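With compact mmCIF, C-alpha atoms inside, this is entry_28.txt:
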# COMPACT_ATOMS: atom_id res chain seq x y z
CA MET S 6 0.00 0.00 0.00
CA PRO S 7 1.31 3.47 -0.73
CA GLU S 8 2.47 5.34 2.34
CA THR S 9 0.15 8.01 3.59
CA PRO S 10 1.94 11.37 3.46
CA SER S 11 2.55 12.81 6.92
CA ALA S 12 0.54 15.91 7.81
CA ALA S 13 2.33 19.29 7.51
CA PRO S 14 3.34 20.82 10.84
CA SER S 15 0.53 22.96 12.16
CA ALA S 16 0.95 26.75 11.81
CA ALA S 17 -1.22 27.29 14.87
CA PRO S 18 1.67 27.47 17.39
CA ARG S 19 3.44 30.11 15.30
CA VAL S 20 0.25 32.16 15.00
CA THR S 21 -0.32 31.88 18.74
CA ARG S 22 3.21 33.03 19.52
CA ARG S 23 2.89 35.99 17.17
CA ALA S 24 -0.45 36.98 18.67
CA ALA S 25 0.99 36.76 22.16
CA LEU S 26 3.99 38.88 21.19
CA ALA S 27 1.76 41.49 19.52
CA ALA S 28 -0.49 41.61 22.58
CA ALA S 29 2.54 42.05 24.86
CA LEU S 30 3.91 44.89 22.72
CA MET S 31 0.54 46.64 22.67
CA ALA S 32 0.22 46.31 26.42
CA ALA S 33 3.73 47.69 26.90
CA ALA S 34 3.00 50.63 24.58
CA ALA S 35 -0.24 51.36 26.41
CA GLY S 36 1.53 51.23 29.75
CA LEU S 37 4.31 53.52 28.51
CA GLY S 38 1.78 55.93 27.04
CA GLN S 39 -0.10 56.03 30.32
CA ALA S 40 3.13 56.60 32.22
CA LEU S 41 3.97 59.59 29.98
CA VAL S 42 0.62 61.33 30.47
CA PRO S 43 1.39 64.48 32.53
CA THR S 44 -0.38 64.44 35.86
CA ARG S 45 1.42 67.03 38.02
CA ARG S 46 0.60 70.69 37.53
CA MET S 47 3.64 72.95 37.67
CA ALA S 48 1.36 75.61 39.16
CA GLU S 49 0.83 73.35 42.17
CA LEU S 50 4.50 72.39 42.39
CA ARG S 51 5.41 76.09 42.56
CA GLY S 52 3.10 76.72 45.48
CA PRO S 53 1.09 79.92 46.04
CA PHE S 54 2.59 83.16 44.71
CA LYS S 55 1.53 86.62 43.57
CA LEU S 56 2.92 88.33 40.51
CA ALA S 57 2.75 91.63 42.39
CA ASP S 58 5.26 90.26 44.92
CA LEU S 59 7.69 89.01 42.25
CA VAL S 60 7.97 92.24 40.22
CA PRO S 61 9.75 95.04 42.13
CA LEU S 62 7.85 98.27 42.71
CA GLN S 63 10.99 100.36 42.32
CA PHE S 64 14.54 99.85 41.07
CA GLY S 65 17.25 102.15 39.79
CA ASP S 66 15.61 105.36 38.64
CA TRP S 67 12.22 103.72 38.08
CA ARG S 68 9.14 103.94 40.29
CA VAL S 69 5.58 102.73 39.85
CA ASP S 70 3.35 105.61 38.79
CA PRO S 71 1.17 106.37 41.83
CA SER S 72 -1.78 107.03 39.51
CA GLY S 73 -1.87 103.31 38.72
CA ALA S 74 -1.47 101.45 35.43
CA ALA S 75 -1.83 104.65 33.42
CA GLY S 76 -1.51 104.08 29.70
CA VAL S 77 -1.39 100.29 29.88
CA VAL S 78 -3.62 98.93 27.15
CA ASN S 79 -4.76 95.35 27.33
CA PRO S 80 -5.81 94.31 23.83
CA GLN S 81 -8.15 91.58 25.10
CA THR S 82 -11.62 91.64 26.60
CA GLU S 83 -12.07 91.18 30.33
CA ALA S 84 -13.98 87.92 29.79
CA MET S 85 -11.14 86.57 27.65
CA LEU S 86 -8.55 87.57 30.22
CA LYS S 87 -10.39 85.75 32.99
CA ARG S 88 -10.67 82.61 30.88
CA LEU S 89 -7.02 82.54 29.77
CA TYR S 90 -5.14 83.75 32.83
CA SER S 91 -5.22 83.02 36.54
CA GLN S 92 -3.21 86.17 37.37
CA LEU S 93 -2.67 89.50 35.62
CA LEU S 94 -0.39 92.35 36.68
CA GLU S 95 -0.42 95.76 35.01
CA ARG S 96 1.82 98.64 36.02
CA SER S 97 3.16 101.87 34.62
CA TYR S 98 6.66 102.95 35.66
CA VAL S 99 8.15 106.44 35.38
CA ASN S 100 11.64 107.79 35.96
CA ALA S 101 12.95 111.17 37.06
CA ARG S 102 12.95 112.44 33.46
CA GLY S 103 9.27 111.61 33.03
CA LYS S 104 9.86 108.64 30.71
CA ARG S 105 7.06 106.08 31.00
CA ILE S 106 7.30 102.30 30.52
CA MET S 107 4.22 100.07 30.70
CA VAL S 108 4.37 96.51 32.00
CA SER S 109 1.80 93.75 31.66
CA VAL S 110 2.40 90.24 33.04
CA ALA S 111 -0.14 87.49 32.41
CA TYR S 112 0.10 84.04 34.02
CA GLY S 113 -1.90 80.95 33.04
CA ASP S 114 -1.72 77.92 35.30
CA ASP S 115 -2.54 75.37 32.56
CA GLN S 116 -1.14 75.48 29.03
CA SER S 117 -2.07 71.91 28.09
CA ASP S 118 -5.43 72.83 26.58
CA ASN S 119 -5.53 74.87 23.36
CA SER S 120 -8.67 76.66 24.54
CA VAL S 121 -6.86 78.31 27.46
CA GLN S 122 -3.37 78.80 26.02
CA MET S 123 -1.98 82.32 26.12
CA HIS S 124 -2.73 84.69 23.25
CA TYR S 125 0.23 86.47 21.70
CA PRO S 126 0.27 90.27 21.29
CA GLU S 127 0.80 90.13 17.52
CA VAL S 128 -2.64 88.53 17.31
CA CYS S 129 -4.41 90.49 20.06
CA TYR S 130 -3.30 94.02 19.14
CA PRO S 131 -4.71 93.96 15.57
CA ALA S 132 -7.91 92.39 16.92
CA GLN S 133 -8.45 95.54 18.99
CA GLY S 134 -7.86 97.99 16.15
CA PHE S 135 -4.08 98.45 16.32
CA GLN S 136 -2.03 98.26 13.15
CA LEU S 137 0.94 95.91 13.31
CA LYS S 138 3.77 97.65 11.45
CA GLY S 139 6.60 95.31 12.40
CA ASN S 140 7.25 91.93 14.01
CA ARG S 141 10.64 90.31 14.57
CA ALA S 142 12.41 87.92 16.90
CA ASP S 143 15.32 89.38 18.84
CA TYR S 144 17.29 88.89 22.05
CA ILE S 145 18.56 91.00 24.93
CA LEU S 146 21.94 90.28 26.51
CA LEU S 147 21.48 90.56 30.26
CA ALA S 148 23.98 90.08 33.07
CA GLN S 149 22.20 86.79 33.82
CA GLY S 150 22.18 85.48 30.23
CA GLU S 151 20.34 85.85 26.94
CA LEU S 152 16.65 86.67 26.90
CA LYS S 153 14.72 85.74 23.75
CA VAL S 154 12.16 88.41 22.91
CA ARG S 155 9.82 89.48 20.17
CA ARG S 156 9.62 93.10 18.98
CA LEU S 157 6.39 94.56 17.66
CA LEU S 158 5.68 97.95 16.12
CA THR S 159 2.09 98.88 16.86
CA GLU S 160 0.16 101.97 15.93
CA PHE S 161 -3.33 103.19 16.74
CA GLY S 162 -4.99 105.88 14.67
CA ARG S 163 -1.73 107.68 13.79
CA THR S 164 -1.73 109.08 17.33
CA ARG S 165 -0.40 106.24 19.48
CA PHE S 166 2.95 104.74 18.50
CA GLU S 167 3.70 101.88 20.86
CA PRO S 168 6.76 99.67 20.32
CA VAL S 169 6.34 96.42 22.25
CA THR S 170 8.90 93.96 23.59
CA TYR S 171 7.64 90.71 25.04
CA TRP S 172 8.75 87.23 26.00
CA THR S 173 7.01 84.09 27.20
CA ILE S 174 7.95 81.35 29.63
CA ILE S 175 6.50 77.85 29.21
CA GLY S 176 7.14 75.85 32.38
CA ASP S 177 10.63 77.03 33.19
CA GLN S 178 11.84 77.66 29.63
CA GLN S 179 11.98 80.75 27.45
CA SER S 180 9.76 80.33 24.42
CA LEU S 181 8.71 82.40 21.44
CA GLY S 182 6.05 79.92 20.42
CA GLY S 183 6.22 77.32 17.67
CA TRP S 184 8.99 74.74 18.10
CA ASP S 185 10.33 76.48 21.22
CA ARG S 186 6.98 75.95 22.90
CA LYS S 187 6.69 72.34 21.73
CA LYS S 188 10.16 71.51 23.11
CA ALA S 189 9.23 72.93 26.49
CA GLU S 190 5.98 70.97 26.56
CA ILE S 191 7.77 67.71 25.63
CA ARG S 192 10.53 68.26 28.15
CA HIS S 193 8.10 68.81 31.01
CA GLY S 194 5.72 66.16 29.73
CA LEU S 195 8.45 63.51 30.00
CA ARG S 196 8.71 64.47 33.65
CA GLY S 197 4.96 64.11 34.07
CA GLU S 198 4.41 67.86 34.43
CA ILE S 199 1.52 69.93 33.06
CA VAL S 200 3.10 73.22 32.03
CA ASP S 201 2.01 76.67 33.08
CA GLY S 202 2.78 79.76 31.03
CA LEU S 203 3.65 83.42 31.44
CA LEU S 204 3.69 86.36 29.03
CA PHE S 205 5.72 89.42 30.04
CA ARG S 206 5.07 92.53 27.94
CA VAL S 207 6.96 95.84 28.07
CA SER S 208 5.94 98.84 25.94
CA SER S 209 6.31 102.60 25.71
CA PHE S 210 5.11 105.62 23.75
CA ASP S 211 7.78 106.29 21.14
CA ARG S 212 7.37 107.49 17.58
CA ASP S 213 10.95 106.31 16.97
CA ALA S 214 10.67 102.58 17.66
CA GLU S 215 14.41 101.92 17.90
CA VAL S 216 14.79 104.63 20.54
CA GLY S 217 11.91 103.02 22.37
CA PHE S 218 13.44 99.55 22.17
CA ARG S 219 16.77 100.78 23.55
CA ALA S 220 14.97 102.40 26.50
CA GLN S 221 13.00 99.21 27.06
CA ASP S 222 16.17 97.09 27.00
CA GLN S 223 17.75 99.25 29.71
CA PHE S 224 14.55 99.11 31.75
CA ILE S 225 14.36 95.33 31.40
CA ALA S 226 18.01 94.86 32.39
CA GLU S 227 17.54 96.91 35.55
CA LEU S 228 14.23 95.23 36.37
CA VAL S 229 15.62 91.70 35.97
CA SER S 230 18.67 92.51 38.10
CA ALA S 231 16.38 93.79 40.86
CA MET S 232 14.39 90.52 40.96
CA THR S 233 15.18 87.76 43.42
CA PRO S 234 16.75 84.62 41.84
CA PRO S 235 13.53 82.59 42.25
CA ALA S 236 11.53 85.38 40.62
CA ARG S 237 14.02 85.57 37.72
CA ARG S 238 13.73 81.84 37.10
CA GLN S 239 9.95 82.02 37.01
CA LEU S 240 9.48 85.30 35.14
CA VAL S 241 12.51 85.36 32.83
CA GLY S 242 13.80 81.79 32.68
CA LEU S 243 17.22 82.89 33.95
CA SER S 244 19.01 82.47 37.30
For the file at hand, write its structure as structure tokens.
Amino acid sequence: MPETPSAAPSAAPRVTRRAALAAALMAAAAGLGQALVPTRRMAELRGPFKLADLVPLQFGDWRVDPSGAAGVVNPQTEAMLKRLYSQLLERSYVNARGKRIMVSVAYGDDQSDNSVQMHYPEVCYPAQGFQLKGNRADYILLAQGELKVRRLLTEFGRTRFEPVTYWTIIGDQQSLGGWDRKKAEIRHGLRGEIVDGLLFRVSSFDRDAEVGFRAQDQFIAELVSAMTPPARRQLVGLS
């Protein structure tokens, strides 16, 4: 009688092993993904603080104008400000020569949600009727290090010429948005931290923008030097 051919080895064990390996990899990926989900708010890790306590009232030749935040324009509605920011500080400083510098500091305790992320001045100013005549990235060399800033030329009705210098801090890193912001979010996210954010704006009334920017740079250098080291780290991203 002819021999009966032997049955081919079953493929079932190989399929089972592959399925088990795939399931293990998916479980590991899910576990890693869960582990990388930020759960700790930097705002809570910082503990309670007030912007008004971190920004000096006087330094060098500069003093807060006793009349209040005279001249400070906030190009956002009050309802928007309350939704985006947990703290807002507005001050107007003057020196002995009568030069005025306006300061606005906005802090948001959660930057993980697009709906509550800070709004940048180059978007907000035009939305409130200002013309944006210039916009460039720049930096200021301070005694403590380099500060990345953005320079804006804004104008309202041919009567108000307001050069603006601003910077933002995401978590504990300087950021001008875009990739800078994404790097900060990734860095803190890998540590399980939900980033907070701060926008520090300095402006003045100057028809000659470059003269205004030079005055702002000197003001910023003196202001940063007058801050305590913890305040500098939080507000400027420098020690």
List as number ranges by chain the protein and nucleic acid residues near Asp66 (chain S), meaning an atom at most 10 Å away when all atoms listed in the file are counted, but skip any in the same chain fewer than 5 places from it. S: 98-102, 224, 227
Show me, as a compact mmCIF listing (two decimals) with C-alpha atoms, keeping the file's coordinate frame, the residues that have an atom within 9 Å of Tyr171 (chain S) when counting only C-alpha atoms, minus same-chain residues fewer than 4 positions from it.
# COMPACT_ATOMS: atom_id res chain seq x y z
CA PRO S 126 0.27 90.27 21.29
CA LYS S 153 14.72 85.74 23.75
CA VAL S 154 12.16 88.41 22.91
CA ARG S 155 9.82 89.48 20.17
CA ARG S 156 9.62 93.10 18.98
CA LEU S 157 6.39 94.56 17.66
CA LEU S 204 3.69 86.36 29.03
CA PHE S 205 5.72 89.42 30.04
CA ARG S 206 5.07 92.53 27.94
CA VAL S 207 6.96 95.84 28.07
CA SER S 208 5.94 98.84 25.94
Polymer residues at most 7 Å from Ala214 (chain S), all atoms listed in the file, same-chain spacing of 4 or more positions, as a ChimeraX atom specification: /S:158,168,218
Is it possible to get the residues within 8 Å of (4.2, 74.9, 38.9) (coordinates as in the file, counting only C-alpha atoms) written as number ranges by chain? S: 46-52, 114, 176, 200-201
One decimal, Å: what's the distance from CA of Gly242 (chain S) over to CA of Leu152 (chain S), could you say? 8.1 Å
Would you work out the distance separating CA of Val169 (chain S) from CA of Gln63 (chain S), expressed in Å to one decimal? 21.0 Å
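Residue nearest Gly134 (chain S), chosen from S:Arg219, S:Arg105, S:Arg238, S:Arg165 and counting all atoms listed in the file: S:Arg165.
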Pull the neighbourhood of (2.5, 94.0, 13.1) for me: all residues within 10 Å in file coordinates, counting only C-alpha atoms, as JSON, numbers by chain. {"S": [126, 127, 128, 130, 131, 135, 136, 137, 138, 139, 140, 141, 156, 157, 158, 159, 160]}
From the list S:Asp177, S:Leu93, S:Ser109, S:Gln223, which residue is nearest Ile199 (chain S) when using all atoms listed in the file?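 When distances to Ile199 (chain S) are compared using all atoms listed in the file, the smallest one comes from S:Asp177.
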Can you measure CA of Phe210 (chain S) to CA of Glu167 (chain S) for me? One decimal in Å is fine.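 So the two atoms, CA of Phe210 (chain S) and CA of Glu167 (chain S), lie 4.9 Å apart.
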Could you tell me which of S:Leu181, S:Leu195, S:Ala111, S:Ile106 comes closest to Ala57 (chain S) if we count all atoms listed in the file?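 Using all atoms listed in the file, the shortest distance to Ala57 (chain S) belongs to S:Ala111.
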Report as CSV: every residue of region 205-243 of chain S with an atom at most 8 Å from region 144-150 of chain S, its closest pair of atoms, and their distance in Å to one decimal, counting all atoms listed in the file, with rows sorted by chain and ascending residue number.
residue,atom,partner,partner_atom,distance
S:Asp222,CA,S:Ile145,CA,6.9
S:Ala226,CA,S:Leu147,CA,5.9
S:Ser230,CA,S:Ala148,CA,7.7
S:Leu243,CA,S:Gln149,CA,6.3
For the selection just defined, write its residues with C-alpha atoms to a file, as a compact mmCIF listing (two decimals), keeping the file's coordinate frame.
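So the final result, stored in result-v4.txt, reads:
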# COMPACT_ATOMS: atom_id res chain seq x y z
CA ASP S 222 16.17 97.09 27.00
CA ALA S 226 18.01 94.86 32.39
CA SER S 230 18.67 92.51 38.10
CA LEU S 243 17.22 82.89 33.95
My list of candidates is S:Ser91, S:Thr21, S:Ser97, S:Thr173. Which is closest to His124 (chain S) when distances are computed with all atoms listed in the file?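 Closest residue, counting all atoms listed in the file: S:Thr173.
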With all atoms listed in the file as the atoms that count, which of S:Gln92, S:Gln221, S:Thr233, S:Gln239 lies nearest to Ile175 (chain S)?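 So, comparing all the options, the nearest one is S:Gln239.
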Go through S:Arg196, S:Arg163, S:Lys104, S:Arg45 and flag the residue nearest Ala220 (chain S), using all atoms listed in the file for the distances.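 Nearest to Ala220 (chain S): S:Lys104.
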If we count only C-alpha atoms and set the cut-off at 9 Å, which residues sit around Leu59 (chain S), ignoring sequence neighbours fewer than 4 positions away in its own chain? Please answer as a ChimeraX atom specification. /S:54-55,232-233,235-237,240
Glu190 (chain S) environment, 12 Å, only C-alpha atoms, sequence neighbours closer than 2 positions dropped, as a ChimeraX atom specification: /S:42-43,47,115-118,174-180,182-188,192-202
